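The file target21.txt contains compact mmCIF, C-alpha atoms and all ligand atoms:
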```
# COMPACT_ATOMS: atom_id res chain seq x y z
CA MET A 1 -10.62 21.50 -3.27
CA SER A 2 -12.94 19.45 -1.07
CA LEU A 3 -14.71 20.93 1.94
CA LEU A 4 -12.72 18.72 4.32
CA ALA A 5 -9.44 20.01 2.90
CA LEU A 6 -10.55 23.50 3.90
CA ILE A 7 -11.84 22.77 7.39
CA LYS A 8 -9.62 19.98 8.73
CA PRO A 9 -6.70 21.37 10.77
CA LYS A 10 -3.13 20.64 9.70
CA GLY A 11 -0.73 18.71 11.92
CA SER A 12 2.25 20.25 13.71
CA ASN A 13 4.39 19.35 10.67
CA GLY A 14 2.31 21.75 8.55
CA PHE A 15 0.78 18.93 6.51
CA GLY A 16 -2.78 17.66 6.57
CA TYR A 17 -5.81 16.49 4.67
CA GLY A 18 -5.33 18.80 1.68
CA THR A 19 -1.55 18.43 1.28
CA THR A 20 -0.41 16.97 -2.04
CA ALA A 21 2.42 14.54 -2.78
CA GLU A 22 4.33 17.32 -4.53
CA GLU A 23 4.01 19.60 -1.50
CA VAL A 24 5.05 16.93 0.97
CA THR A 25 8.22 16.10 -0.97
CA GLU A 26 9.20 19.67 -1.84
CA GLY A 27 12.90 20.21 -1.15
CA ILE A 28 13.60 16.48 -0.71
CA ASP A 29 16.30 15.31 -3.12
CA LEU A 30 15.85 11.63 -3.98
CA THR A 31 18.75 11.48 -6.42
CA GLY A 32 20.52 8.15 -5.94
CA LYS A 33 17.55 6.59 -4.14
CA THR A 34 15.74 3.55 -5.51
CA ILE A 35 12.04 3.18 -4.76
CA LEU A 36 9.95 0.12 -5.58
CA ILE A 37 6.22 0.72 -6.07
CA THR A 38 3.56 -1.96 -6.54
CA GLY A 39 0.47 -1.07 -8.55
CA CYS A 40 2.32 1.84 -10.16
CA ASN A 41 0.13 1.96 -13.28
CA SER A 42 -2.97 3.45 -11.67
CA GLY A 43 -4.36 5.85 -9.08
CA LEU A 44 -2.21 6.58 -6.05
CA GLY A 45 0.66 4.37 -7.18
CA LYS A 46 1.00 6.19 -10.48
CA GLU A 47 0.89 9.66 -8.90
CA SER A 48 3.37 8.61 -6.18
CA MET A 49 5.66 7.27 -8.89
CA ARG A 50 5.41 10.52 -10.87
CA VAL A 51 6.26 12.67 -7.85
CA LEU A 52 9.02 10.45 -6.43
CA SER A 53 10.59 10.29 -9.87
CA LEU A 54 10.26 14.08 -10.21
CA ARG A 55 12.31 14.35 -6.99
CA GLY A 56 15.06 12.25 -8.56
CA ALA A 57 14.30 8.66 -7.43
CA THR A 58 14.99 5.67 -9.64
CA ILE A 59 11.79 3.63 -9.84
CA ILE A 60 11.36 -0.12 -9.72
CA GLY A 61 7.83 -0.26 -11.11
CA LEU A 62 5.67 -3.31 -10.53
CA GLY A 63 2.38 -4.08 -12.25
CA ARG A 64 0.33 -7.04 -13.39
CA THR A 65 2.19 -6.77 -16.70
CA LYS A 66 5.45 -5.13 -17.68
CA GLU A 67 3.66 -3.41 -20.58
CA LYS A 68 1.26 -1.63 -18.17
CA VAL A 69 4.22 -0.38 -16.15
CA GLU A 70 6.12 0.81 -19.24
CA GLU A 71 3.02 2.68 -20.42
CA ALA A 72 2.70 4.27 -16.94
CA PHE A 73 6.39 5.27 -17.05
CA LYS A 74 5.69 7.19 -20.28
CA GLU A 75 2.53 8.84 -18.92
CA ALA A 76 4.17 9.79 -15.60
CA GLY A 77 7.36 11.01 -17.27
CA VAL A 78 9.58 8.47 -15.49
CA LYS A 79 13.06 8.67 -17.02
CA GLN A 80 14.97 6.40 -14.64
CA GLY A 81 13.04 3.23 -14.00
CA LYS A 82 12.82 -0.48 -14.63
CA ALA A 83 9.53 -2.31 -15.16
CA PHE A 84 8.67 -5.73 -13.73
CA THR A 85 5.65 -8.01 -13.93
CA CYS A 86 4.25 -8.86 -10.50
CA GLU A 87 0.82 -10.48 -10.27
CA LEU A 88 0.30 -10.41 -6.51
CA SER A 89 -2.37 -13.11 -6.51
CA ASP A 90 0.08 -15.55 -8.12
CA PRO A 91 2.93 -16.59 -5.80
CA LYS A 92 5.02 -17.86 -8.75
CA SER A 93 4.81 -14.44 -10.39
CA VAL A 94 5.79 -12.66 -7.15
CA LYS A 95 8.72 -15.02 -6.51
CA LEU A 96 9.94 -14.65 -10.09
CA CYS A 97 9.71 -10.87 -9.74
CA VAL A 98 11.81 -11.01 -6.55
CA GLU A 99 14.44 -13.12 -8.36
CA GLU A 100 14.53 -10.77 -11.35
CA ILE A 101 14.90 -7.68 -9.15
CA LYS A 102 17.73 -9.36 -7.23
CA LYS A 103 19.51 -10.23 -10.49
CA GLU A 104 19.72 -6.48 -11.14
CA ASN A 105 21.70 -6.43 -7.90
CA SER A 106 20.36 -3.04 -6.90
CA LYS A 107 19.82 -1.99 -3.32
CA ILE A 108 16.35 -0.63 -2.58
CA ASP A 109 15.69 2.37 -0.33
CA VAL A 110 11.90 2.09 -0.14
CA LEU A 111 9.40 -0.70 -0.71
CA LEU A 112 6.10 1.12 -1.32
CA CYS A 113 3.44 -1.58 -1.19
CA ASN A 114 0.58 0.24 -2.80
CA ALA A 115 -1.32 -2.24 -5.00
CA GLY A 116 -4.68 -3.47 -3.85
CA ILE A 117 -8.18 -4.65 -4.68
CA MET A 118 -11.33 -3.74 -2.78
CA ALA A 119 -14.74 -5.15 -1.93
CA LEU A 120 -15.12 -8.03 -4.38
CA PRO A 121 -18.90 -8.63 -4.43
CA LYS A 122 -18.62 -12.44 -4.46
CA LEU A 123 -16.14 -14.74 -2.79
CA GLU A 124 -13.13 -15.27 -5.06
CA LYS A 125 -10.05 -17.23 -4.09
CA SER A 126 -6.44 -17.82 -4.96
CA ASN A 127 -4.65 -20.94 -3.76
CA GLY A 128 -7.60 -21.63 -1.44
CA TYR A 129 -7.51 -18.21 0.29
CA GLU A 130 -9.94 -15.30 -0.02
CA LEU A 131 -8.63 -13.13 -2.87
CA GLN A 132 -8.35 -9.74 -1.10
CA PHE A 133 -6.42 -11.26 1.82
CA PHE A 134 -4.25 -13.17 -0.64
CA THR A 135 -3.56 -10.29 -3.05
CA ASN A 136 -3.30 -7.39 -0.62
CA HIS A 137 -1.51 -9.22 2.20
CA ILE A 138 0.03 -12.55 1.16
CA GLY A 139 1.26 -11.24 -2.23
CA HIS A 140 2.99 -8.32 -0.51
CA PHE A 141 4.24 -10.58 2.30
CA ILE A 142 6.06 -12.76 -0.28
CA LEU A 143 7.43 -9.69 -2.06
CA VAL A 144 8.65 -7.82 1.03
CA THR A 145 10.12 -10.80 2.88
CA GLY A 146 11.81 -11.84 -0.38
CA LEU A 147 13.42 -8.40 -0.74
CA LEU A 148 14.33 -7.65 2.90
CA ASP A 149 18.00 -8.36 2.27
CA SER A 150 17.95 -5.90 -0.65
CA LEU A 151 16.87 -3.02 1.59
CA THR A 152 19.51 -0.38 2.27
CA GLU A 153 20.74 0.23 5.83
CA ASN A 154 18.13 3.01 6.27
CA GLY A 155 15.53 1.27 4.12
CA ARG A 156 11.82 1.79 4.64
CA VAL A 157 8.73 -0.31 4.01
CA VAL A 158 5.43 1.53 3.48
CA MET A 159 2.25 -0.55 3.50
CA LEU A 160 -0.97 0.89 2.09
CA SER A 161 -3.62 0.07 4.67
CA SER A 162 -6.92 1.93 5.03
CA ALA A 163 -9.37 3.34 7.56
CA ALA A 164 -11.41 0.39 6.28
CA HIS A 165 -9.24 -1.75 8.60
CA ASN A 166 -11.97 -0.82 11.10
CA ALA A 167 -14.33 -3.07 9.11
CA ALA A 168 -12.18 -6.17 9.77
CA PRO A 169 -13.77 -9.02 11.78
CA LYS A 170 -14.23 -8.73 15.57
CA ASP A 171 -10.87 -10.30 16.43
CA GLY A 172 -9.03 -8.52 13.62
CA ILE A 173 -8.15 -11.60 11.60
CA GLU A 174 -10.39 -14.68 11.30
CA PHE A 175 -7.64 -17.28 11.16
CA ASP A 176 -10.22 -20.06 10.89
CA ASN A 177 -11.88 -18.45 7.87
CA LEU A 178 -9.03 -17.30 5.63
CA SER A 179 -10.68 -19.16 2.75
CA GLY A 180 -13.85 -17.09 3.21
CA GLU A 181 -15.87 -20.32 3.05
CA LYS A 182 -17.44 -20.02 6.54
CA SER A 183 -18.82 -16.56 5.81
CA TYR A 184 -18.06 -13.82 3.30
CA SER A 185 -18.81 -10.11 3.17
CA ALA A 186 -17.08 -7.86 0.63
CA TRP A 187 -16.21 -5.07 3.10
CA THR A 188 -15.29 -7.30 6.03
CA ALA A 189 -12.89 -9.19 3.77
CA TYR A 190 -11.39 -5.93 2.48
CA GLY A 191 -11.11 -4.69 6.08
CA GLN A 192 -9.37 -7.92 7.09
CA SER A 193 -6.84 -7.54 4.26
CA LYS A 194 -6.18 -3.92 5.32
CA ILE A 195 -5.73 -4.72 9.03
CA ALA A 196 -3.34 -7.44 7.81
CA ASN A 197 -1.32 -4.75 5.93
CA LEU A 198 -1.26 -2.69 9.13
CA LEU A 199 -0.24 -5.58 11.39
CA PHE A 200 2.44 -6.56 8.88
CA ALA A 201 3.94 -3.03 9.06
CA LYS A 202 3.86 -3.20 12.89
CA GLU A 203 5.59 -6.57 12.99
CA LEU A 204 8.17 -5.48 10.42
CA ALA A 205 8.92 -2.38 12.53
CA ARG A 206 9.32 -4.61 15.61
CA ARG A 207 11.68 -6.93 13.74
CA PHE A 208 13.65 -3.90 12.46
CA GLN A 209 14.31 -2.68 16.03
CA GLY A 210 18.05 -2.36 16.63
CA SER A 211 18.60 -1.46 12.98
CA LYS A 212 17.98 1.77 11.06
CA LYS A 213 15.28 0.20 8.91
CA THR A 214 11.71 1.35 9.47
CA ALA A 215 8.15 0.42 8.48
CA TYR A 216 4.87 2.34 8.32
CA ALA A 217 1.20 1.80 7.49
CA VAL A 218 -0.85 4.41 5.67
CA HIS A 219 -4.47 5.42 5.20
CA PRO A 220 -4.38 7.64 2.10
CA GLY A 221 -7.86 9.14 2.51
CA VAL A 222 -10.89 8.42 0.33
CA ILE A 223 -10.08 9.08 -3.30
CA PRO A 224 -11.97 8.31 -6.50
CA THR A 225 -9.67 5.85 -8.34
CA ASN A 226 -10.09 2.53 -10.14
CA LEU A 227 -10.21 0.88 -6.71
CA GLY A 228 -14.00 1.33 -6.77
CA ARG A 229 -14.35 -0.83 -9.88
CA HIS A 230 -16.15 -3.61 -7.95
CA MET A 231 -18.57 -1.28 -6.16
CA ASN A 232 -22.15 -1.11 -7.36
CA PRO A 233 -22.91 1.71 -9.83
CA ILE A 234 -25.28 3.53 -7.43
CA ALA A 235 -22.61 3.66 -4.72
CA ILE A 236 -20.13 4.92 -7.34
CA ALA A 237 -22.58 7.67 -8.42
CA ILE A 238 -23.07 8.81 -4.79
CA PHE A 239 -19.31 8.67 -4.35
CA GLY A 240 -18.90 10.90 -7.42
CA LEU A 241 -21.45 13.43 -6.15
CA SER A 242 -19.71 13.73 -2.78
CA LYS A 243 -16.37 14.37 -4.49
CA HIS A 244 -16.19 18.08 -3.71
CA LEU A 245 -17.34 17.64 -0.12
CA PHE A 246 -15.47 14.68 1.25
CA LEU A 247 -13.05 13.14 -1.20
CA LYS A 248 -9.38 13.80 -1.75
CA SER A 249 -7.88 14.30 -5.19
CA ILE A 250 -5.34 11.73 -6.36
CA GLU A 251 -2.59 14.33 -5.76
CA GLN A 252 -3.74 14.72 -2.12
CA GLY A 253 -4.36 10.98 -1.69
CA SER A 254 -0.77 10.18 -2.64
CA ALA A 255 0.72 12.56 -0.07
CA THR A 256 0.78 10.33 3.04
CA GLN A 257 2.57 7.45 1.32
CA CYS A 258 5.13 9.82 -0.24
CA TYR A 259 5.57 11.47 3.17
CA THR A 260 6.28 8.21 5.01
CA ALA A 261 8.49 7.03 2.14
CA THR A 262 10.74 10.09 2.17
CA ASN A 263 10.43 12.49 5.11
CA PRO A 264 13.48 12.37 7.43
CA ASN A 265 11.38 13.10 10.56
CA VAL A 266 9.07 10.07 10.37
CA ILE A 267 11.76 7.55 11.35
CA GLN A 268 11.04 8.17 15.05
CA ASN A 269 7.53 6.83 14.37
CA SER A 270 8.47 3.48 12.86
CA GLY A 271 5.55 1.07 13.25
CA SER A 272 2.97 3.86 13.24
CA TYR A 273 -0.17 4.23 11.18
CA PHE A 274 -0.37 7.54 9.29
CA ALA A 275 -3.31 9.43 7.82
CA ASP A 276 -3.31 12.97 6.40
CA CYS A 277 0.51 12.91 6.73
CA ASN A 278 0.36 12.54 10.53
CA VAL A 279 0.31 9.68 13.02
CA ALA A 280 -3.27 8.45 13.42
CA VAL A 281 -5.25 6.19 15.74
CA THR A 282 -6.03 2.58 14.76
CA ARG A 283 -8.58 0.20 16.17
CA LYS A 284 -7.30 -1.70 19.16
CA GLU A 285 -6.63 -5.04 17.44
CA ALA A 286 -4.22 -3.31 15.04
CA GLU A 287 -1.98 -2.49 18.04
CA ASP A 288 -1.93 -6.09 19.29
CA VAL A 289 1.70 -7.23 19.16
CA ASP A 290 0.75 -10.88 19.62
CA LEU A 291 -1.77 -10.72 16.79
CA ALA A 292 0.89 -9.17 14.53
CA LYS A 293 3.34 -11.96 15.45
CA LYS A 294 0.69 -14.60 14.84
CA LEU A 295 -0.23 -13.15 11.45
CA TRP A 296 3.45 -13.24 10.44
CA GLU A 297 3.78 -16.88 11.53
CA VAL A 298 0.53 -17.93 9.83
CA SER A 299 1.56 -16.07 6.65
CA GLU A 300 4.94 -17.84 6.67
CA GLY A 301 3.10 -21.14 7.06
CA ILE A 302 0.78 -20.34 4.14
CA VAL A 303 3.67 -19.29 1.89
CA SER A 304 5.74 -22.37 2.75
CA LYS A 305 2.95 -24.63 1.47
CA LEU A 306 2.24 -22.77 -1.80
N1 LIG B 1 -8.66 5.10 -3.22
C1 LIG B 1 -9.00 5.08 -1.96
O1 LIG B 1 -9.97 5.75 -1.55
C2 LIG B 1 -8.24 4.26 -0.95
C3 LIG B 1 -8.61 4.34 0.39
C4 LIG B 1 -7.91 3.59 1.34
C5 LIG B 1 -6.88 2.78 0.91
N2 LIG B 1 -6.55 2.71 -0.41
C6 LIG B 1 -5.45 1.81 -0.81
O2 LIG B 1 -4.58 2.49 -1.69
C7 LIG B 1 -3.96 1.56 -2.57
C8 LIG B 1 -3.96 2.09 -3.98
O3 LIG B 1 -5.30 2.12 -4.42
P1 LIG B 1 -5.84 3.09 -5.59
O4 LIG B 1 -6.95 3.83 -4.99
O5 LIG B 1 -4.73 3.80 -6.25
O6 LIG B 1 -6.48 1.98 -6.56
P2 LIG B 1 -6.30 1.65 -8.10
O7 LIG B 1 -6.31 2.88 -8.92
O8 LIG B 1 -7.30 0.60 -8.40
O9 LIG B 1 -4.85 1.03 -8.17
C9 LIG B 1 -4.59 -0.25 -7.64
C10 LIG B 1 -3.35 -0.81 -8.25
O10 LIG B 1 -3.16 -2.13 -7.73
C11 LIG B 1 -2.94 -3.01 -8.82
N3 LIG B 1 -3.36 -4.36 -8.54
C12 LIG B 1 -4.59 -4.80 -8.23
N4 LIG B 1 -4.61 -6.13 -8.14
C13 LIG B 1 -3.34 -6.56 -8.38
C14 LIG B 1 -2.73 -7.82 -8.45
N5 LIG B 1 -3.40 -8.96 -8.27
N6 LIG B 1 -1.41 -7.88 -8.73
C15 LIG B 1 -0.69 -6.76 -8.95
N7 LIG B 1 -1.23 -5.53 -8.93
C16 LIG B 1 -2.53 -5.43 -8.65
C17 LIG B 1 -3.76 -2.42 -9.97
O11 LIG B 1 -3.36 -2.97 -11.19
P3 LIG B 1 -4.40 -3.03 -12.45
O12 LIG B 1 -4.61 -1.61 -12.86
O13 LIG B 1 -3.68 -3.84 -13.45
O14 LIG B 1 -5.64 -3.68 -11.93
C18 LIG B 1 -3.43 -0.95 -9.78
O15 LIG B 1 -2.19 -0.67 -10.35
C19 LIG B 1 -4.68 0.22 -2.36
O16 LIG B 1 -3.88 -0.62 -1.56
C20 LIG B 1 -5.93 0.61 -1.59
O17 LIG B 1 -6.40 -0.41 -0.76
C21 LIG B 1 -7.18 3.45 -1.35
```

Would you give me this structure, written as structure tokens?
Amino acid sequence: MSLLALIKPKGSNGFGYGTTAEEVTEGIDLTGKTILITGCNSGLGKESMRVLSLRGATIIGLGRTKEKVEEAFKEAGVKQGKAFTCELSDPKSVKLCVEEIKKENSKIDVLLCNAGIMALPKLEKSNGYELQFFTNHIGHFILVTGLLDSLTENGRVVMLSSAAHNAAPKDGIEFDNLSGEKSYSAWTAYGQSKIANLLFAKELARRFQGSKKTAYAVHPGVIPTNLGRHMNPIAIAIFGLSKHLFLKSIEQGSATQCYTATNPNVIQNSGSYFADCNVAVTRKEAEDVDLAKKLWEVSEGIVSKL
């Protein structure tokens, strides 16, 4: 158990920094519920899938390849699940995935948008857009908007954001530099993609008003997973050394997304950003309703031209 898990106070719901996904879902019966998870073959996605499945959910598992998802099903002990290929940086793959899921005709209770890449050292692009923005935001934008009519009446959308949204550019999103060509920094670009995930959840929640559907953004904590694969080896070594002081385990890191995906009490906080299983504070641009609307419109424009 890390030092922070011991000293950080729990929220009024009894959950906090050290709570695990199993603890947060204890007593919640997900039998009959269908939960879609992106990036379910690794890290937080895989642990969330294991726990949600343990509680009875049927899993729609998405990964870069169907084989990776099927392997993860075996490792996580998923009995009721269907695997789909969804390469988020490739709009054709995402659209095909949406079509295939719809063919199954199943209603979906939760869209858990968990997949992501972080801090690519050099500028990489897809379809002319910086790759982290494109994968983390645009890929999920295509997926979620494509599946909105498959959501159940009380359906939820959970977007994995990050405290790294604080590293986004000054105005939140640099709409005139979505290619990354004007300037590129690995962490600013990651931060921009994560504030985009947050703004997307806010705008979804706004659009859901008047219905029972809800949307949330999540910071899972800082957890050693494959997400650090692009970081330099020295940073990874320091990261490893600080594990017992500051980092969450994967079981703890998966708690907040499982909490927002399943807890009956969170629905009053639709549109909120959660960390350590409680509502948390964002930077000011992430609360900007007009910015969230603009990002939605710009994203629609991008997708329409792909
Ligand atoms: N770990 C942390 O400290 C931390 C902190 C804040 C936020 N987060 C967020 O938490 C989420 C989960 O991260 P993690 O830590 O569990 O990382 P992870 O172990 O690297 O898992 C990321 C998942 O995303 C998938 N993915 C990456 N690029 C993709 C693409 N183009 N198309 C489809 N799937 C793709 C990966 O698939 P492959 O295995 O095939 O690459 C993997 O399944 C991310 O959104 C991340 O930004 C994590």

Which of these, A:Val94, A:Cys40, A:Leu147, A:Val289, has the shortest distance to Glu70 (chain A) once you count all atoms listed in the file?
-> A:Cys40

Considering all atoms listed in the file, give me a table of residues in chain A that are at most 6 Å from ligand LIG 1 (chain B), with the closest atom pair and distance in Å for each, as CSV.
```
residue,atom,partner,partner_atom,distance
A:Gly39,CA,B:LIG1,O15,3.2
A:Cys40,CA,B:LIG1,O15,5.2
A:Asn41,CA,B:LIG1,O15,4.6
A:Ser42,CA,B:LIG1,O7,4.4
A:Gly43,CA,B:LIG1,O5,3.5
A:Leu44,CA,B:LIG1,O5,3.8
A:Gly45,CA,B:LIG1,O5,5.5
A:Gly63,CA,B:LIG1,N7,5.1
A:Arg64,CA,B:LIG1,C15,4.6
A:Cys86,CA,B:LIG1,C15,5.6
A:Glu87,CA,B:LIG1,N6,3.8
A:Leu88,CA,B:LIG1,N6,3.8
A:Ser89,CA,B:LIG1,N5,4.6
A:Asn114,CA,B:LIG1,O16,4.7
A:Ala115,CA,B:LIG1,O10,3.3
A:Gly116,CA,B:LIG1,O16,3.7
A:Ile117,CA,B:LIG1,C12,5.1
A:Thr135,CA,B:LIG1,N5,5.4
A:Leu160,CA,B:LIG1,O16,4.9
A:Ser161,CA,B:LIG1,C5,5.7
A:Ser162,CA,B:LIG1,C4,4.2
A:His219,CA,B:LIG1,C4,5.5
A:Pro220,CA,B:LIG1,C4,5.4
A:Gly221,CA,B:LIG1,C3,5.3
A:Val222,CA,B:LIG1,O1,3.4
A:Ile223,CA,B:LIG1,O1,3.8
A:Pro224,CA,B:LIG1,N1,5.7
A:Thr225,CA,B:LIG1,O7,4.5
A:Asn226,CA,B:LIG1,O8,3.8
A:Leu227,CA,B:LIG1,O8,3.4
```

Write a file of the just-selected residues containing C-alpha atoms, as a PDB file, keeping the file's coordinate frame.
```
ATOM      1  CA  GLY A  39       0.470  -1.070  -8.550  1.00  0.00           C
ATOM      2  CA  CYS A  40       2.320   1.840 -10.160  1.00  0.00           C
ATOM      3  CA  ASN A  41       0.130   1.960 -13.280  1.00  0.00           C
ATOM      4  CA  SER A  42      -2.970   3.450 -11.670  1.00  0.00           C
ATOM      5  CA  GLY A  43      -4.360   5.850  -9.080  1.00  0.00           C
ATOM      6  CA  LEU A  44      -2.210   6.580  -6.050  1.00  0.00           C
ATOM      7  CA  GLY A  45       0.660   4.370  -7.180  1.00  0.00           C
ATOM      8  CA  GLY A  63       2.380  -4.080 -12.250  1.00  0.00           C
ATOM      9  CA  ARG A  64       0.330  -7.040 -13.390  1.00  0.00           C
ATOM     10  CA  CYS A  86       4.250  -8.860 -10.500  1.00  0.00           C
ATOM     11  CA  GLU A  87       0.820 -10.480 -10.270  1.00  0.00           C
ATOM     12  CA  LEU A  88       0.300 -10.410  -6.510  1.00  0.00           C
ATOM     13  CA  SER A  89      -2.370 -13.110  -6.510  1.00  0.00           C
ATOM     14  CA  ASN A 114       0.580   0.240  -2.800  1.00  0.00           C
ATOM     15  CA  ALA A 115      -1.320  -2.240  -5.000  1.00  0.00           C
ATOM     16  CA  GLY A 116      -4.680  -3.470  -3.850  1.00  0.00           C
ATOM     17  CA  ILE A 117      -8.180  -4.650  -4.680  1.00  0.00           C
ATOM     18  CA  THR A 135      -3.560 -10.290  -3.050  1.00  0.00           C
ATOM     19  CA  LEU A 160      -0.970   0.890   2.090  1.00  0.00           C
ATOM     20  CA  SER A 161      -3.620   0.070   4.670  1.00  0.00           C
ATOM     21  CA  SER A 162      -6.920   1.930   5.030  1.00  0.00           C
ATOM     22  CA  HIS A 219      -4.470   5.420   5.200  1.00  0.00           C
ATOM     23  CA  PRO A 220      -4.380   7.640   2.100  1.00  0.00           C
ATOM     24  CA  GLY A 221      -7.860   9.140   2.510  1.00  0.00           C
ATOM     25  CA  VAL A 222     -10.890   8.420   0.330  1.00  0.00           C
ATOM     26  CA  ILE A 223     -10.080   9.080  -3.300  1.00  0.00           C
ATOM     27  CA  PRO A 224     -11.970   8.310  -6.500  1.00  0.00           C
ATOM     28  CA  THR A 225      -9.670   5.850  -8.340  1.00  0.00           C
ATOM     29  CA  ASN A 226     -10.090   2.530 -10.140  1.00  0.00           C
ATOM     30  CA  LEU A 227     -10.210   0.880  -6.710  1.00  0.00           C
TER      31      LEU A 227
END
```

Compile the contact shell of Glu71 (chain A) as a PyMOL selection string: residues with an atom at most 12 Å away, counting only C-alpha atoms, same-chain residues fewer than 3 positions apart removed.
-> chain A and resi 40-42+46+61-63+65-68+74-78+81-83

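Interatomic distance, CA of Glu104 (chain A) to CA of Ala201 (chain A): 25.9 Å.
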
To one decimal in Å, tell me the separation between CA of Ser304 (chain A) and CA of Leu120 (chain A).
-> 26.3 Å

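Distance annotation: of A:Lys102, A:Lys95, A:Lys284, A:Arg50, the residue with the minimal separation from Lys79 (chain A) is A:Arg50; atom set is only C-alpha atoms.
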
Which polymer residues, protein or nucleic acid, are no farther than 10 Å from (-4.7, 15.8, 2.6), counting all atoms listed in the file, as a PDB file with C-alpha atoms, in the coordinates of the input?
```pdb
ATOM      1  CA  SER A   2     -12.940  19.450  -1.070  1.00  0.00           C
ATOM      2  CA  LEU A   4     -12.720  18.720   4.320  1.00  0.00           C
ATOM      3  CA  ALA A   5      -9.440  20.010   2.900  1.00  0.00           C
ATOM      4  CA  LEU A   6     -10.550  23.500   3.900  1.00  0.00           C
ATOM      5  CA  LYS A   8      -9.620  19.980   8.730  1.00  0.00           C
ATOM      6  CA  LYS A  10      -3.130  20.640   9.700  1.00  0.00           C
ATOM      7  CA  PHE A  15       0.780  18.930   6.510  1.00  0.00           C
ATOM      8  CA  GLY A  16      -2.780  17.660   6.570  1.00  0.00           C
ATOM      9  CA  TYR A  17      -5.810  16.490   4.670  1.00  0.00           C
ATOM     10  CA  GLY A  18      -5.330  18.800   1.680  1.00  0.00           C
ATOM     11  CA  THR A  19      -1.550  18.430   1.280  1.00  0.00           C
ATOM     12  CA  THR A  20      -0.410  16.970  -2.040  1.00  0.00           C
ATOM     13  CA  ALA A  21       2.420  14.540  -2.780  1.00  0.00           C
ATOM     14  CA  VAL A  24       5.050  16.930   0.970  1.00  0.00           C
ATOM     15  CA  PRO A 220      -4.380   7.640   2.100  1.00  0.00           C
ATOM     16  CA  GLY A 221      -7.860   9.140   2.510  1.00  0.00           C
ATOM     17  CA  VAL A 222     -10.890   8.420   0.330  1.00  0.00           C
ATOM     18  CA  LEU A 247     -13.050  13.140  -1.200  1.00  0.00           C
ATOM     19  CA  LYS A 248      -9.380  13.800  -1.750  1.00  0.00           C
ATOM     20  CA  SER A 249      -7.880  14.300  -5.190  1.00  0.00           C
ATOM     21  CA  ILE A 250      -5.340  11.730  -6.360  1.00  0.00           C
ATOM     22  CA  GLU A 251      -2.590  14.330  -5.760  1.00  0.00           C
ATOM     23  CA  GLN A 252      -3.740  14.720  -2.120  1.00  0.00           C
ATOM     24  CA  GLY A 253      -4.360  10.980  -1.690  1.00  0.00           C
ATOM     25  CA  SER A 254      -0.770  10.180  -2.640  1.00  0.00           C
ATOM     26  CA  ALA A 255       0.720  12.560  -0.070  1.00  0.00           C
ATOM     27  CA  THR A 256       0.780  10.330   3.040  1.00  0.00           C
ATOM     28  CA  ALA A 275      -3.310   9.430   7.820  1.00  0.00           C
ATOM     29  CA  ASP A 276      -3.310  12.970   6.400  1.00  0.00           C
ATOM     30  CA  CYS A 277       0.510  12.910   6.730  1.00  0.00           C
ATOM     31  CA  ASN A 278       0.360  12.540  10.530  1.00  0.00           C
TER      32      ASN A 278
END
```

Write out as a Markdown table the residues of region 31-126 of chain A that have any atom within 12 Å of an atom of region 180-184 of chain A, one row each with the nearest atom pair and its distance in Å to one decimal, counting only C-alpha atoms, sorted by chain and then rising number.
```
| residue | atom | partner | partner_atom | distance |
| --- | --- | --- | --- | --- |
| A:Ala119 | CA | A:Tyr184 | CA | 10.7 |
| A:Leu120 | CA | A:Tyr184 | CA | 10.1 |
| A:Pro121 | CA | A:Tyr184 | CA | 9.3 |
| A:Lys122 | CA | A:Tyr184 | CA | 7.9 |
| A:Leu123 | CA | A:Tyr184 | CA | 6.5 |
| A:Glu124 | CA | A:Gly180 | CA | 8.5 |
| A:Lys125 | CA | A:Gly180 | CA | 8.2 |
| A:Ser126 | CA | A:Gly180 | CA | 11.1 |
```

In the coordinate frame of the file, compute which residues have an atom within 6 Å of (6.6, 0.2, 4.2) when using all atoms listed in the file, and state them as a tab-separated table (two decimals) with C-alpha atoms, in the frame of the given file.
```tsv
chain	number	residue	atom	x	y	z
A	111	LEU	CA	9.40	-0.70	-0.71
A	112	LEU	CA	6.10	1.12	-1.32
A	156	ARG	CA	11.82	1.79	4.64
A	157	VAL	CA	8.73	-0.31	4.01
A	158	VAL	CA	5.43	1.53	3.48
A	159	MET	CA	2.25	-0.55	3.50
A	215	ALA	CA	8.15	0.42	8.48
A	216	TYR	CA	4.87	2.34	8.32
```

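Across the model, the gap from CA of Ala189 (chain A) to CA of Leu291 (chain A) is 17.2 Å.
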
Find the spatial neighbours of Ser193 (chain A), counting all atoms listed in the file, within a cut-off of 8 Å - ignore same-chain residues fewer than 5 positions away - and output them as a PDB file with C-alpha atoms, in the frame of the given file.
```pdb
ATOM      1  CA  GLN A 132      -8.350  -9.740  -1.100  1.00  0.00           C
ATOM      2  CA  PHE A 133      -6.420 -11.260   1.820  1.00  0.00           C
ATOM      3  CA  PHE A 134      -4.250 -13.170  -0.640  1.00  0.00           C
ATOM      4  CA  ASN A 136      -3.300  -7.390  -0.620  1.00  0.00           C
ATOM      5  CA  HIS A 137      -1.510  -9.220   2.200  1.00  0.00           C
ATOM      6  CA  HIS A 165      -9.240  -1.750   8.600  1.00  0.00           C
ATOM      7  CA  ALA A 168     -12.180  -6.170   9.770  1.00  0.00           C
TER       8      ALA A 168
END
```

Minimum-distance residue to Ile37 (chain A), chosen among A:Tyr129, A:Lys92, A:Thr145, A:Gln257 (using only C-alpha atoms) = A:Gln257

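You can rank A:Ile60, A:Ala286, A:Leu204, A:Val110 by their closest distance to Gly191 (chain A) using only C-alpha atoms, and at the top of that list sits A:Ala286.
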